[in-house]
Each structure stands twice: as C-alpha cells, then as structure tokens.
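Engineer: There's a structure below that I have some questions on.
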Amino acid sequence: MSGAVGPVPAPLRAVRALRRAAAAVAALMAYVAGWAYIVCALFITFDIVARTFLGFSSQATVEVTGYLLAGGIAWALAHTLFKRAHIRVDVFVNRLPVQVRAPLHILALGLLSALAVLFAWAAWELVDESALFDAHDNSALRFQMVWPQGIWAFGISAFVLSCFVLLLEASLALLAGRGASLDGLLGSRTLEDETEEALEAVAMAHEGEEAPRP
Amino acid sequence: MIAIVFLLGLLAVTIFAAATTGQALPVGEILMLTAVFVVFFGSGVYIAAVLGVLGVLTGFLFSDRPWWAFLGQTLWGPSSNFVLVAVPLFLLMGEILLRAGLSDRLYKALNVWLNRMPGGLLHTNIVSCAVFSAISGSSVATAATMGSVALPYFQDTKYSQRMVLGSLAAGGALGNLIPPGITFIIYGLITETSVGALYIAAIIPSVLVTGLFILVILAHGLKHPMEKPERVPLGVKMRALLDLVPTLLLILLVLGSIYGGFATPTEAAALGVVGAAVFAALERRLTFRMLNASAEATARNTALLGLILFGAYLLNYILTLINVPQALAGLIAGLPIPPWGIMLCIIALYVALGTFMEGFSMIITTVPVVFPIVVALGYDPIWFGVIVTMLVEIAQISPPDGTVMYVLQGMRSRPGPITDVFMGVMPFLGVYLLAVAILMIFPGLALWLPAIMS
Amino acid sequence: PSLPAGPPVRIAAVTQPLPTQPQYTRVDVPVLRDATAQRSNGRIQVTLSTHAERNLAGNEIVRLVRSGQVEIGAGTLTTLSGDVPILDGVDLAGLAPDIRDAQRIAEAIIPAANRDLERFGTRLVGLYPFPAQVVFCRQAFTSLSDLRGRRIRTFGNSLVDFFTTLGAQPVSIGFPEVYSALERGVVDCAITGSGSGAAARWPEVTTHISNLPVSWAVAGYLVNLNWWNRLDPQVRAFMEATMKEVSDKQWELGNAATRDGIDCNIGRTAECRIHNVAARPMTEVAATDADKAEARRIFREVVLPGWVRRCGARCGEVYNEVIAPISGVRFGG
Ligand code: NA
Ligand code: NA
C-alpha cells in the first residue's frame, strides 16, 4: 500500500510516544482488573468455606464482588482498545481500498469515542447523585456508593482519554498521508498479533513438551 | 446478508407494534434507523457503538422521557450485578485450565477415541466442548478455551476452515445448555424457578443437541472424505482416559458443590477457579507469570463483553421505555390461534430477536413479559427455561450479532472475514432449531428427569 | 372519585417486582390502571409495568422517579433505604407484630419521610405491606430460641441484627437462589412473606413455618414531585383519592394474604384462595408469648439503636415523636 512516505513528522512522533505511555498505563489498569477477579474467586470461596465449616459469613459477598466486576470491566476497557480487541464487524471494510478504509477506521473510533463520552458523563452523574443522597448499600458493611461508583467512573474516563489519544494519532497519520498505518492501530487483529498472543497461552501449556500434532 | 434484510423487517414490525397504540406510523424514522444500522455494520463500527448509537437515536426519536438522566444507573446496574460475576469467573477458570495444559489433555484424550470417525478432528471439537461445558457455565468461556486449544491442531490441515470454526462455535453454544449455565441462573432469577431443577431438565436436551451436532459432522465427513489417521492401540486409548480425570474431578467439584448443598450456582463458579488453580499447582504450572497472564486475558475478554453489554443495556432500556418487547408480547398473546401456535410465535420471536440481540439482554427484557403468557397457556416453567436457554444459545451463534462467534473470530490464526464463521455455523444452527422443535413435540425429554428425581 | 373532561393525562408507573404477584394482579391492574381509566372516562391512562420487565433491581426506584423516567414508582422501603435511610424505620424487625399497628405506623411516618424525599424531588403518596415476613425452616423448631446456630437467609440490616441477636447466622443469597439453597441445605431457614414463600414453592423444600410476623416488607408508591405539583388540581385530587384507595386495598390484601399464605403452606385447601396450596403441607409453628416478648426485647435493645446509628440522631427524634406513641417502645429509654 502507500507505505512509508518520507520521515515521520514531529507532531505524529510526539503523539505516538503519548499513545505508548497511555497504553502502558492502560495495561497496568487491566492487570489490576484481572487480579480483582482472582480476588473475587478467593473471596467467594472463603465465604463458602467459612459458612460451611466455621459458622460465619461475610454478609457482603454479593455487593463486594459486584463492585469488583464493575471496576474490572471499566478499568480494562482502555487496554482492550489498545489491544484492538473490541469487536467490530469489518467484513466489508477490509475489502475496501486504503483511501476509503482509513477514514472509516476514524469514523468507527469517532463514534465509539462519542459514546464513551456519554457513558463517562452518565457515570459521573451517577456518582454525583449518590453523593447527594449520601447513598450506602444494604450490605452489612454499608459501603458508601460514591467509592465503588467513583472507581468505576474513573475507569470509563480513562477509556475516554485513550479513545482521544488514538483518535488524535489516527487523524494526524491520515493527514500525513499514512492511512495504511491505521490498520495497525485500529484494524482487526492480524496474523502476527494472533500467532504471537492468542497462541502464547497454548505455548505456556506446552512448555517442555512436544509441539501439538493433529 | 440475509440477517440484515430480515432485521429491516423485524425492526419495522417491532416499532410498528409499539406505535400502533398511539399516533400515526413513524415510517420515515424507522427506515432511517434501519439505514443507520446497516451503514454502521457495513462500515465496521464497533458493535457496542452500533447498539449504543441506535439506542440514543431511538431514544431521541420515539421517547419524550429524559432517559439520559437515568443512564448512569442503567449502566451501573448490570455492571455490578452479582449474577454476572459468574462470567469473569468462568472465563478465568478457562484461562487457568488452558495455561495449565488441562484443556489440551482433555482434547488429546478425546481425540484418540474420535479421530477415525468420518469428520475426524471435528468430532473432537464438539465432544471436548461438551465435556468442558460441564464445568463452565459460559458459552463464551467454552468457545474461548476450547477454541484456543483446538485451532492450532488445524493449522496446515485440509479441514474446511468454515467447518472448523462452525463446529467450535456450535460446541461453544453448548456451554450454557449443559449444566452449569449462566442462562439458567438468570432465568431462575427472573422467574423464581429452581436452578437445580433447570439443570436436571437440561441433561437430556443437551445430549440430544450434542448428538445432532455429531450427525452434522458425520454427514460432512462422509461427503468430504479425508485420509484417516493410523489406528491407535487399545492400551494407549485406555491410558488416554487417565487424562480425563482432572476434568472429571472439576466437574464433580462444581456440580457437586451445588447438589451437595455447599454453594449456590453463582458461587460454584468461584470454586471452579480455585479448583482449576489447585490442579495447575499439582501440574507444577501455577506460577505468578501464569496467573498474571490469565488475569490479563480475563480482564480483556470481560471488558470486551462489558462494552457490548453497555451498548446492549442502553438500547434495551430505550426499547423497554417505549414498550417494544411488551407490545410485541401482547401482540403475540392476542393472536387467535391455539397455545402451540402462540408458543411457535414466541420461539420465532426469540430466534428473530436473537439475530441482533445479546443473549443476556434478550432474556432480561423479554422473559418477564413472555413468562406469564407461557404459564397462562399451561406450559411448564422448567420446560420453557430449557427452551429459552436453547434459544439464547442459538442467538449466540446466529449472525450478525453473536458473542461466541466474535470470540472465535478474535483468535483465528489465519486471518479471514467473519463471514467464514457465519457460514460455518449455519448447519449447526439448523439442527439446534430442529432440537427445539423436537423438544416442543416431546416436552417429556426435559420434564421426565426432574419428575423422577423429586 | 370522578373527573370532568379535559386534556388527557398519560402516566407511566413501575410498581411491583414481578407481574405475577397478587399486589400487581389484584390491586395495581384493576384499580390503578383499569378503574382509573374508566372513572376518568379515558382521560387518565396509566401504563403499568414491573421491576422485572424494566430490568430494575428495586433499589434505584427513588432515582427512577426523581429523574422523570416514570411518574409513579413503587418499591419496598428496606430496599430503598440505602438512598433514604429514614425509610427503613417504618419496617424494623420486631417493631409491629400486628398489621393494624404496622399500618398506623406507616401512615404516621409519611410526613416525616416526605420531608427527606422532597429534597430529592419525590414524594410518597401511599404505603402498603406485603404479607408478613415469617421464618421458613427445613427442620423442626418450636420457638425463636431454637433458631440459635442455624443459617438463615435474610435481607436488610434490621433483620440481620435481629437474627444475629438470636444467635443465628445470617446469610445473604439472592431470592431466586434461596429455593435451591434450602433444598440442598446451603441455608437452614429463610425469611420471606408467607405468600411469597408459597408462590416460590418453598413448601417443597421446607417443613416448618412460623406465624410470627417479624416485619412486613412495607413498600411505598412514590411520585415525581415536579410532575405532581404541576398537575391540574382536579387531576391531582383525583389521583390522591385513587392512591388512597390503592393503598387501602393493598393493606386489605396484605392482611388477607398473610393468613392465606400460611394456610396455603400448611395445606388448608378451603382457606387457601390467593396463593397455591402446597402439595406437601408444612407444620405451622405458633408464636408463644415468650417469643413475642423476646422479639420485642431484641427490637428495643438491638434493632432500634442499630437503625438510629445508621440513620442519624434525627431519625431517633422522629421515631420518638411519631412511632413511639404507637409501638410503645421509646428510643433511649
Ligand atoms: Na455449562
Ligand atoms: Na445473534
């Protein structure tokens, strides 16, 4: 395709550095989210064991694990975006020439960004309302709702910022005549990504073993 | 795509049904919405954005309520719902089993027994998914785990890519039907039906569906014969069965904890995670690096579904706000036809909704409305629970919107259009519908076991 | 009530948790929806739906009404108390063993509750009960003290305080999972409305039912204040009368359904008219005077102080001013 045309302009280089930094932060947040699920599993298991054998129960598993789920979803949204794992139906798009494909990538991201802004606004409105009510949950621990909801809203906001950074980089790349590079930024995951990532897990299972055979 | 044409009609009918109570028909608006939908799908917009933007537009066009003032709550509710906690837990369990090599051992052990049948490896896809489903309560987790195990085996083989992806998607769509399953938990939540009884009722239907899938592959195998691998000595075959032991023990832990009275169906998912980690530790594969990688994958896949869930719930909220599901259900209940005819209409409605709705949001919006009708018609709530679960599974593998298919598309090693998955899953979709029909004619298939066990 | 002709009024209402509940089919549908349309000659059209149909958990009803998604919303007060703590005070465990007291307390507290609710743009226009919340167990018991050491599924803070003081172990499980939890012995006992237990077929998995009303799951109809204040005064008066009738009918139903629920659960076919009669009749455990005295003691010493601690000192004052004259128990002695 159009490939590299001359040196990368300075603004684009700067935005790329910014995107890499944002992706690193997003990855860190996703690990926190993932470990929250491990904590969930341990917490529920502990509650089952305590209830069955030790005669007590935390009285708050339902609420606490629900908050961990909400936070987990929100905090991993940005990382999933940088990993290009959010699902698009791109049957037609991938068959189009790059002049059409590149602006469509930007349109897709633009709409997602707009929706993300709406979600983030709604999330902070919810936190605001909970603060007005001084709302607590009905569990034995009586959590103040602004905390779990605030953490959730923070995650969605990070997603919004990530959308903006990507949108900026994509627009600059398009202006600089590097439409093809948008595939690598926004397009669906490619052969290299997949062999590298999706099968890494299987490789982990096969460490020290022979290769799989049919 | 046929589905989109179908969708055009359906969207028009639903909004028509909702609007007939009041003013003139908003034909222009309906056409515009459908056009927007088609353009978005065609231009590769994110699924969550398609659903969300459609919701926003519908809200502005058809509702005079300030729905945005309740949007935070609309998104927060499902995000923090305890019942949905089972989703990342089942995903996490799958990731750990995958990295501990247990899913692979399951696959290999079954393969030794199945690979000489016409259709070969494809049978292993179905059977290993079925066995894995007996631990996992999520179709997505089943498809993701067995998909990442199975796909490498098909690299550089002559198997039809479509058939490979189709059989894995179909196998994934057993995840909720074979107990345990999240759909049953949610159905029980809404209708106050016993989840335990639903699980028992699902046993014979899930055997039926699995059997039909195997027939599809046999037919495909006979039509496209391939070279058979060498015969494996019986001793090796018997030894391969040993590799099934960890999986069987996990099934015992997850289902046993429910029937033994230690855990609720949602909680059992957490026990599954801890059990999987214990087996990983026994295999000396439980490392920080492995847990960290499992955590990241779980977070990513949950976020992927979470974003779609946001969009789906926004759309759902708007649709219920303007009474679309209720109007549709009322329309069906008022039809001057016998009960089985109404039941057929209900099933058709689910199949139709399933082409473009998520399984979760579909049952959450419609079951509360449809359930009283079904009970009033004299149908058994347990039987209907099994039917609904099958329809939700069908929704997961009916194009263009189906999570199981997206997840598989997301992990293909050879890139290709998502239509490969869509086409490959079609024959399985067909027999799944056949199974629903069989269950309609012989409801005893679902009700016999719960009756003799109580 | 009647209403002269005028511009039509469309009202959206989300009331009971499930469309199958008698509170919905026997009161909301015939009175709030049908009778309203008929008496106003079609001028007022109420569109009814339930929490389940709108995919609501039940704890967000105040916010739902406040943000103008519906004009009328209803929900149990314990569930709403996370947002508005004073609402829990109407229905504390052990407060009102008699339904007539429960109704008097509910009606007395409406003005004080509305002072809080109006800050959030909503207003209570009627309170009503579900059938008495009673204990179902899978093993025999003869008095409250027998519950010591048992795992009991509860909901809400005041019930947790109540059963913890009895020496039982409260467990929180979502309502739909309770059936199988009782069946398999994940919990030994559970508390719910006598009729709700019958509807959820708990007699299949439990053997003994207490007739002591621990609480009433009192619920309330809320209206959006902005909308309410802007209504044509004649329409508002008409709706006020309607809501009064709805809540009176609900109290009658609550009273009838309480006894009916127990009768259905213990297999008295002749007396069982509202719910379904149990295939496997349960044993009724009649409350003794000692049980009633113990419930009262726990209420005075643990439940009431616990609620005031969560709700704030003002709640204690409101309680002493409004509820204490009816219940006969003062906060702070
Ligand atoms: Na399953
Ligand atoms: Na679908």
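Starting from 1 in every chain, residues are counted up; chains themselves are A, B, ... following the order of the structure tokens, and ligands are numbered from 1 as listed.
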When the cut-off is 9 Å and we count only C-alpha atoms, which residues of chain A are near chain C, given as a count of residues only?
Structural biologist: 23
Engineer: Residues within 6 Å of ligand 1 should be enumerated using only C-alpha atoms and all ligand atoms and returned as a PDB file with C-alpha atoms, in the first residue's frame.
Structural biologist:
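pocket.pdb, written as the output of this step:
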ATOM      1  CA  SER B 133     -19.307 -27.249  29.320  1.00  0.00           C
ATOM      2  CA  ALA B 134     -19.974 -29.499  32.265  1.00  0.00           C
ATOM      3  CA  ILE B 135     -17.531 -27.346  34.270  1.00  0.00           C
ATOM      4  CA  SER B 136     -18.024 -23.997  32.617  1.00  0.00           C
ATOM      5  CA  GLY B 137     -21.256 -22.054  32.777  1.00  0.00           C
ATOM      6  CA  GLY B 175     -21.662 -24.027  27.280  1.00  0.00           C
ATOM      7  CA  ASN B 176     -24.865 -22.703  28.785  1.00  0.00           C
ATOM      8  CA  LEU B 177     -27.139 -25.609  27.888  1.00  0.00           C
ATOM      9  CA  ILE B 178     -25.036 -28.315  29.542  1.00  0.00           C
ATOM     10  CA  PRO B 179     -25.215 -27.611  33.306  1.00  0.00           C
ATOM     11  CA  PRO B 180     -23.953 -25.464  34.941  1.00  0.00           C
ATOM     12  CA  GLY B 181     -25.002 -22.403  32.983  1.00  0.00           C
TER      13      GLY B 181
END
Engineer: Near chain A, which residues of chain B fall within 7 Å when you count only C-alpha atoms, and what do they look like as JSON, numbers by chain?
Structural biologist: {"B": [41, 42, 43, 44, 45, 46, 47, 49, 52, 71, 72, 73, 79, 80, 81, 82, 85, 88, 89, 98, 99, 100, 101, 148, 149, 153, 154, 262, 263, 267, 270, 271, 273, 274, 295, 296, 298, 299, 300, 302, 303, 304, 306, 406, 411, 412, 413, 414, 415, 417, 418]}
Engineer: Pull C-alpha atoms from the residues just selected and write them as an mmCIF file, in the first residue's frame.
Structural biologist:
data_model
loop_
_atom_site.group_PDB
_atom_site.id
_atom_site.type_symbol
_atom_site.label_atom_id
_atom_site.label_comp_id
_atom_site.auth_asym_id
_atom_site.auth_seq_id
_atom_site.Cartn_x
_atom_site.Cartn_y
_atom_site.Cartn_z
ATOM 1 C CA PHE B 41 -22.427 -2.582 10.259
ATOM 2 C CA GLY B 42 -21.090 -2.139 6.777
ATOM 3 C CA SER B 43 -18.518 0.477 7.741
ATOM 4 C CA GLY B 44 -17.053 -1.594 10.545
ATOM 5 C CA VAL B 45 -18.239 0.449 13.503
ATOM 6 C CA TYR B 46 -17.678 -1.140 16.925
ATOM 7 C CA ILE B 47 -20.616 -3.382 17.939
ATOM 8 C CA ALA B 49 -21.214 1.768 19.346
ATOM 9 C CA GLY B 52 -25.447 2.395 21.770
ATOM 10 C CA LEU B 71 -28.243 6.313 32.010
ATOM 11 C CA GLY B 72 -25.665 6.030 34.813
ATOM 12 C CA GLN B 73 -27.959 3.705 36.741
ATOM 13 C CA SER B 79 -22.040 -3.858 35.677
ATOM 14 C CA SER B 80 -22.314 -4.588 39.381
ATOM 15 C CA ASN B 81 -24.785 -7.477 39.244
ATOM 16 C CA PHE B 82 -23.651 -10.417 41.374
ATOM 17 C CA VAL B 85 -19.799 -12.108 38.364
ATOM 18 C CA PRO B 88 -15.339 -13.451 34.503
ATOM 19 C CA LEU B 89 -15.035 -16.332 36.955
ATOM 20 C CA LEU B 98 -5.775 -23.632 29.330
ATOM 21 C CA ARG B 99 -2.406 -22.489 30.673
ATOM 22 C CA ALA B 100 -2.110 -25.487 32.954
ATOM 23 C CA GLY B 101 -2.455 -27.705 29.890
ATOM 24 C CA SER B 148 -7.557 -21.716 21.587
ATOM 25 C CA VAL B 149 -6.747 -25.366 22.288
ATOM 26 C CA TYR B 153 -4.378 -28.623 15.621
ATOM 27 C CA PHE B 154 -5.973 -27.491 12.389
ATOM 28 C CA PHE B 262 -22.361 -26.082 49.767
ATOM 29 C CA ALA B 263 -22.718 -23.388 47.157
ATOM 30 C CA GLU B 267 -20.789 -19.292 43.819
ATOM 31 C CA ALA B 270 -15.600 -19.343 42.152
ATOM 32 C CA LEU B 271 -14.966 -22.874 43.419
ATOM 33 C CA VAL B 273 -11.495 -21.167 39.629
ATOM 34 C CA VAL B 274 -9.866 -22.282 42.867
ATOM 35 C CA ALA B 295 -5.736 -12.259 34.779
ATOM 36 C CA GLU B 296 -4.909 -10.077 31.792
ATOM 37 C CA THR B 298 -9.807 -12.465 31.643
ATOM 38 C CA ALA B 299 -9.805 -8.697 32.094
ATOM 39 C CA ARG B 300 -9.583 -8.158 28.341
ATOM 40 C CA THR B 302 -14.626 -9.343 30.217
ATOM 41 C CA ALA B 303 -14.075 -5.746 29.104
ATOM 42 C CA LEU B 304 -14.828 -6.721 25.517
ATOM 43 C CA GLY B 306 -18.683 -5.388 29.156
ATOM 44 C CA TYR B 406 -16.799 -12.825 17.788
ATOM 45 C CA MET B 411 -8.481 -15.877 17.853
ATOM 46 C CA ARG B 412 -8.145 -17.267 14.347
ATOM 47 C CA SER B 413 -4.555 -17.940 13.425
ATOM 48 C CA ARG B 414 -5.224 -17.496 9.728
ATOM 49 C CA PRO B 415 -6.971 -14.164 9.141
ATOM 50 C CA PRO B 417 -13.565 -12.499 7.064
ATOM 51 C CA ILE B 418 -16.032 -13.082 9.876
#
Engineer: Near chain C, which residues of chain B fall within 6 Å when you count only C-alpha atoms, and what do they look like as an mmCIF file with C-alpha atoms, in the first residue's frame?
Structural biologist:
data_model
loop_
_atom_site.group_PDB
_atom_site.id
_atom_site.type_symbol
_atom_site.label_atom_id
_atom_site.label_comp_id
_atom_site.auth_asym_id
_atom_site.auth_seq_id
_atom_site.Cartn_x
_atom_site.Cartn_y
_atom_site.Cartn_z
ATOM 1 C CA ARG B 65 -38.536 10.896 28.604
ATOM 2 C CA ALA B 69 -30.804 11.221 33.342
ATOM 3 C CA GLY B 188 -34.214 -18.672 37.644
ATOM 4 C CA LEU B 189 -33.556 -15.144 38.936
ATOM 5 C CA GLU B 192 -38.248 -17.746 40.527
ATOM 6 C CA GLY B 261 -25.593 -28.043 49.370
ATOM 7 C CA PHE B 262 -22.361 -26.082 49.767
ATOM 8 C CA PRO B 368 -40.636 -11.109 32.394
#
Engineer: From a DSSP pass on the backbone, collect the residues of stretch 21-175 of chain C flagged as strand (DSSP E or B) and hand them back as a PyMOL selection string.
Structural biologist: chain C and resi 44-49+72-76+122-128+133-137+151-153+169-171
Engineer: Which residues come within 12 Å of C:Ala324, counting only C-alpha atoms, excluding same-chain residues fewer than 5 positions away, as a compact mmCIF listing (two decimals) with N, CA and C atoms, in the first residue's frame?
Structural biologist:
# COMPACT_ATOMS: atom_id res chain seq x y z
N GLY C 89 -37.05 2.90 58.85
CA GLY C 89 -37.64 3.00 60.18
C GLY C 89 -39.07 2.53 60.27
N VAL C 90 -39.78 2.49 59.14
CA VAL C 90 -41.18 2.07 59.13
C VAL C 90 -41.30 0.58 59.39
N LEU C 95 -40.78 -4.50 65.16
CA LEU C 95 -41.46 -3.25 65.52
C LEU C 95 -42.97 -3.44 65.65
N ALA C 96 -43.60 -4.12 64.71
CA ALA C 96 -45.06 -4.16 64.69
C ALA C 96 -45.56 -5.58 64.40
N ASP C 101 -51.12 -2.09 63.76
CA ASP C 101 -50.05 -1.19 64.21
C ASP C 101 -49.14 -0.81 63.05
N ARG C 104 -50.80 1.85 61.07
CA ARG C 104 -50.81 3.16 61.75
C ARG C 104 -49.43 3.80 61.72
N ILE C 105 -48.40 2.97 61.96
CA ILE C 105 -47.03 3.49 61.94
C ILE C 105 -46.68 4.03 60.55
N ALA C 108 -48.36 7.26 59.90
CA ALA C 108 -47.86 8.35 60.72
C ALA C 108 -46.53 8.90 60.22
N ILE C 109 -45.74 8.03 59.60
CA ILE C 109 -44.38 8.47 59.25
C ILE C 109 -44.31 9.17 57.90
N ARG C 300 -36.07 -3.55 70.98
CA ARG C 300 -35.74 -2.39 71.82
C ARG C 300 -34.24 -2.26 72.03
N LEU C 304 -33.52 -1.26 67.12
CA LEU C 304 -33.79 0.18 67.11
C LEU C 304 -32.52 1.01 67.24
N CYS C 315 -33.23 10.70 63.08
CA CYS C 315 -34.14 9.58 62.94
C CYS C 315 -34.65 9.14 64.31
N GLY C 316 -33.75 9.15 65.31
CA GLY C 316 -34.18 8.80 66.67
C GLY C 316 -35.26 9.75 67.17
N GLU C 317 -35.06 11.05 66.88
CA GLU C 317 -36.08 12.04 67.32
C GLU C 317 -37.40 11.80 66.61
N VAL C 318 -37.33 11.60 65.29
CA VAL C 318 -38.56 11.36 64.53
C VAL C 318 -39.26 10.13 65.08
N TYR C 319 -38.47 9.10 65.36
CA TYR C 319 -39.05 7.87 65.88
C TYR C 319 -39.80 8.14 67.18
N VAL C 329 -42.56 1.63 72.44
CA VAL C 329 -41.14 1.50 72.80
C VAL C 329 -40.44 2.80 72.43
N ARG C 330 -39.79 3.45 73.41
CA ARG C 330 -39.07 4.69 73.12
C ARG C 330 -37.61 4.41 72.86
N PHE C 331 -37.02 5.22 71.96
CA PHE C 331 -35.59 5.10 71.74
C PHE C 331 -34.87 5.83 72.87
N GLY C 332 -33.83 5.20 73.41
CA GLY C 332 -33.07 5.82 74.50
C GLY C 332 -33.82 5.77 75.81
N GLY C 333 -34.72 4.80 75.97
CA GLY C 333 -35.42 4.53 77.23
C GLY C 333 -36.56 5.45 77.54
Engineer: Mind listing the alpha helix (DSSP H) residues of stretch 38-189 of chain A, per DSSP on the backbone, as a PyMOL selection string?
Structural biologist: chain A and resi 38-49+61-82+98-133+146-175+181-186
Engineer: Quick one: of B:Ser63, B:Gln409, B:Asn111, B:Gln396, who's nearest to ligand 2, counting only C-alpha atoms and all ligand atoms?
Structural biologist: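 With only C-alpha atoms and all ligand atoms as the atom set, the closest residue is B:Gln396.
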Engineer: Env of C:Arg138: 8 Å cut, atoms = only C-alpha atoms, seq-sep filter 4 positions within chain, self excluded. Answer as a list in words.
Structural biologist: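 Close residues of C:Arg138: Leu182, Asp188, Cys189, Val205, Thr206, Thr207 and His208 of chain C.
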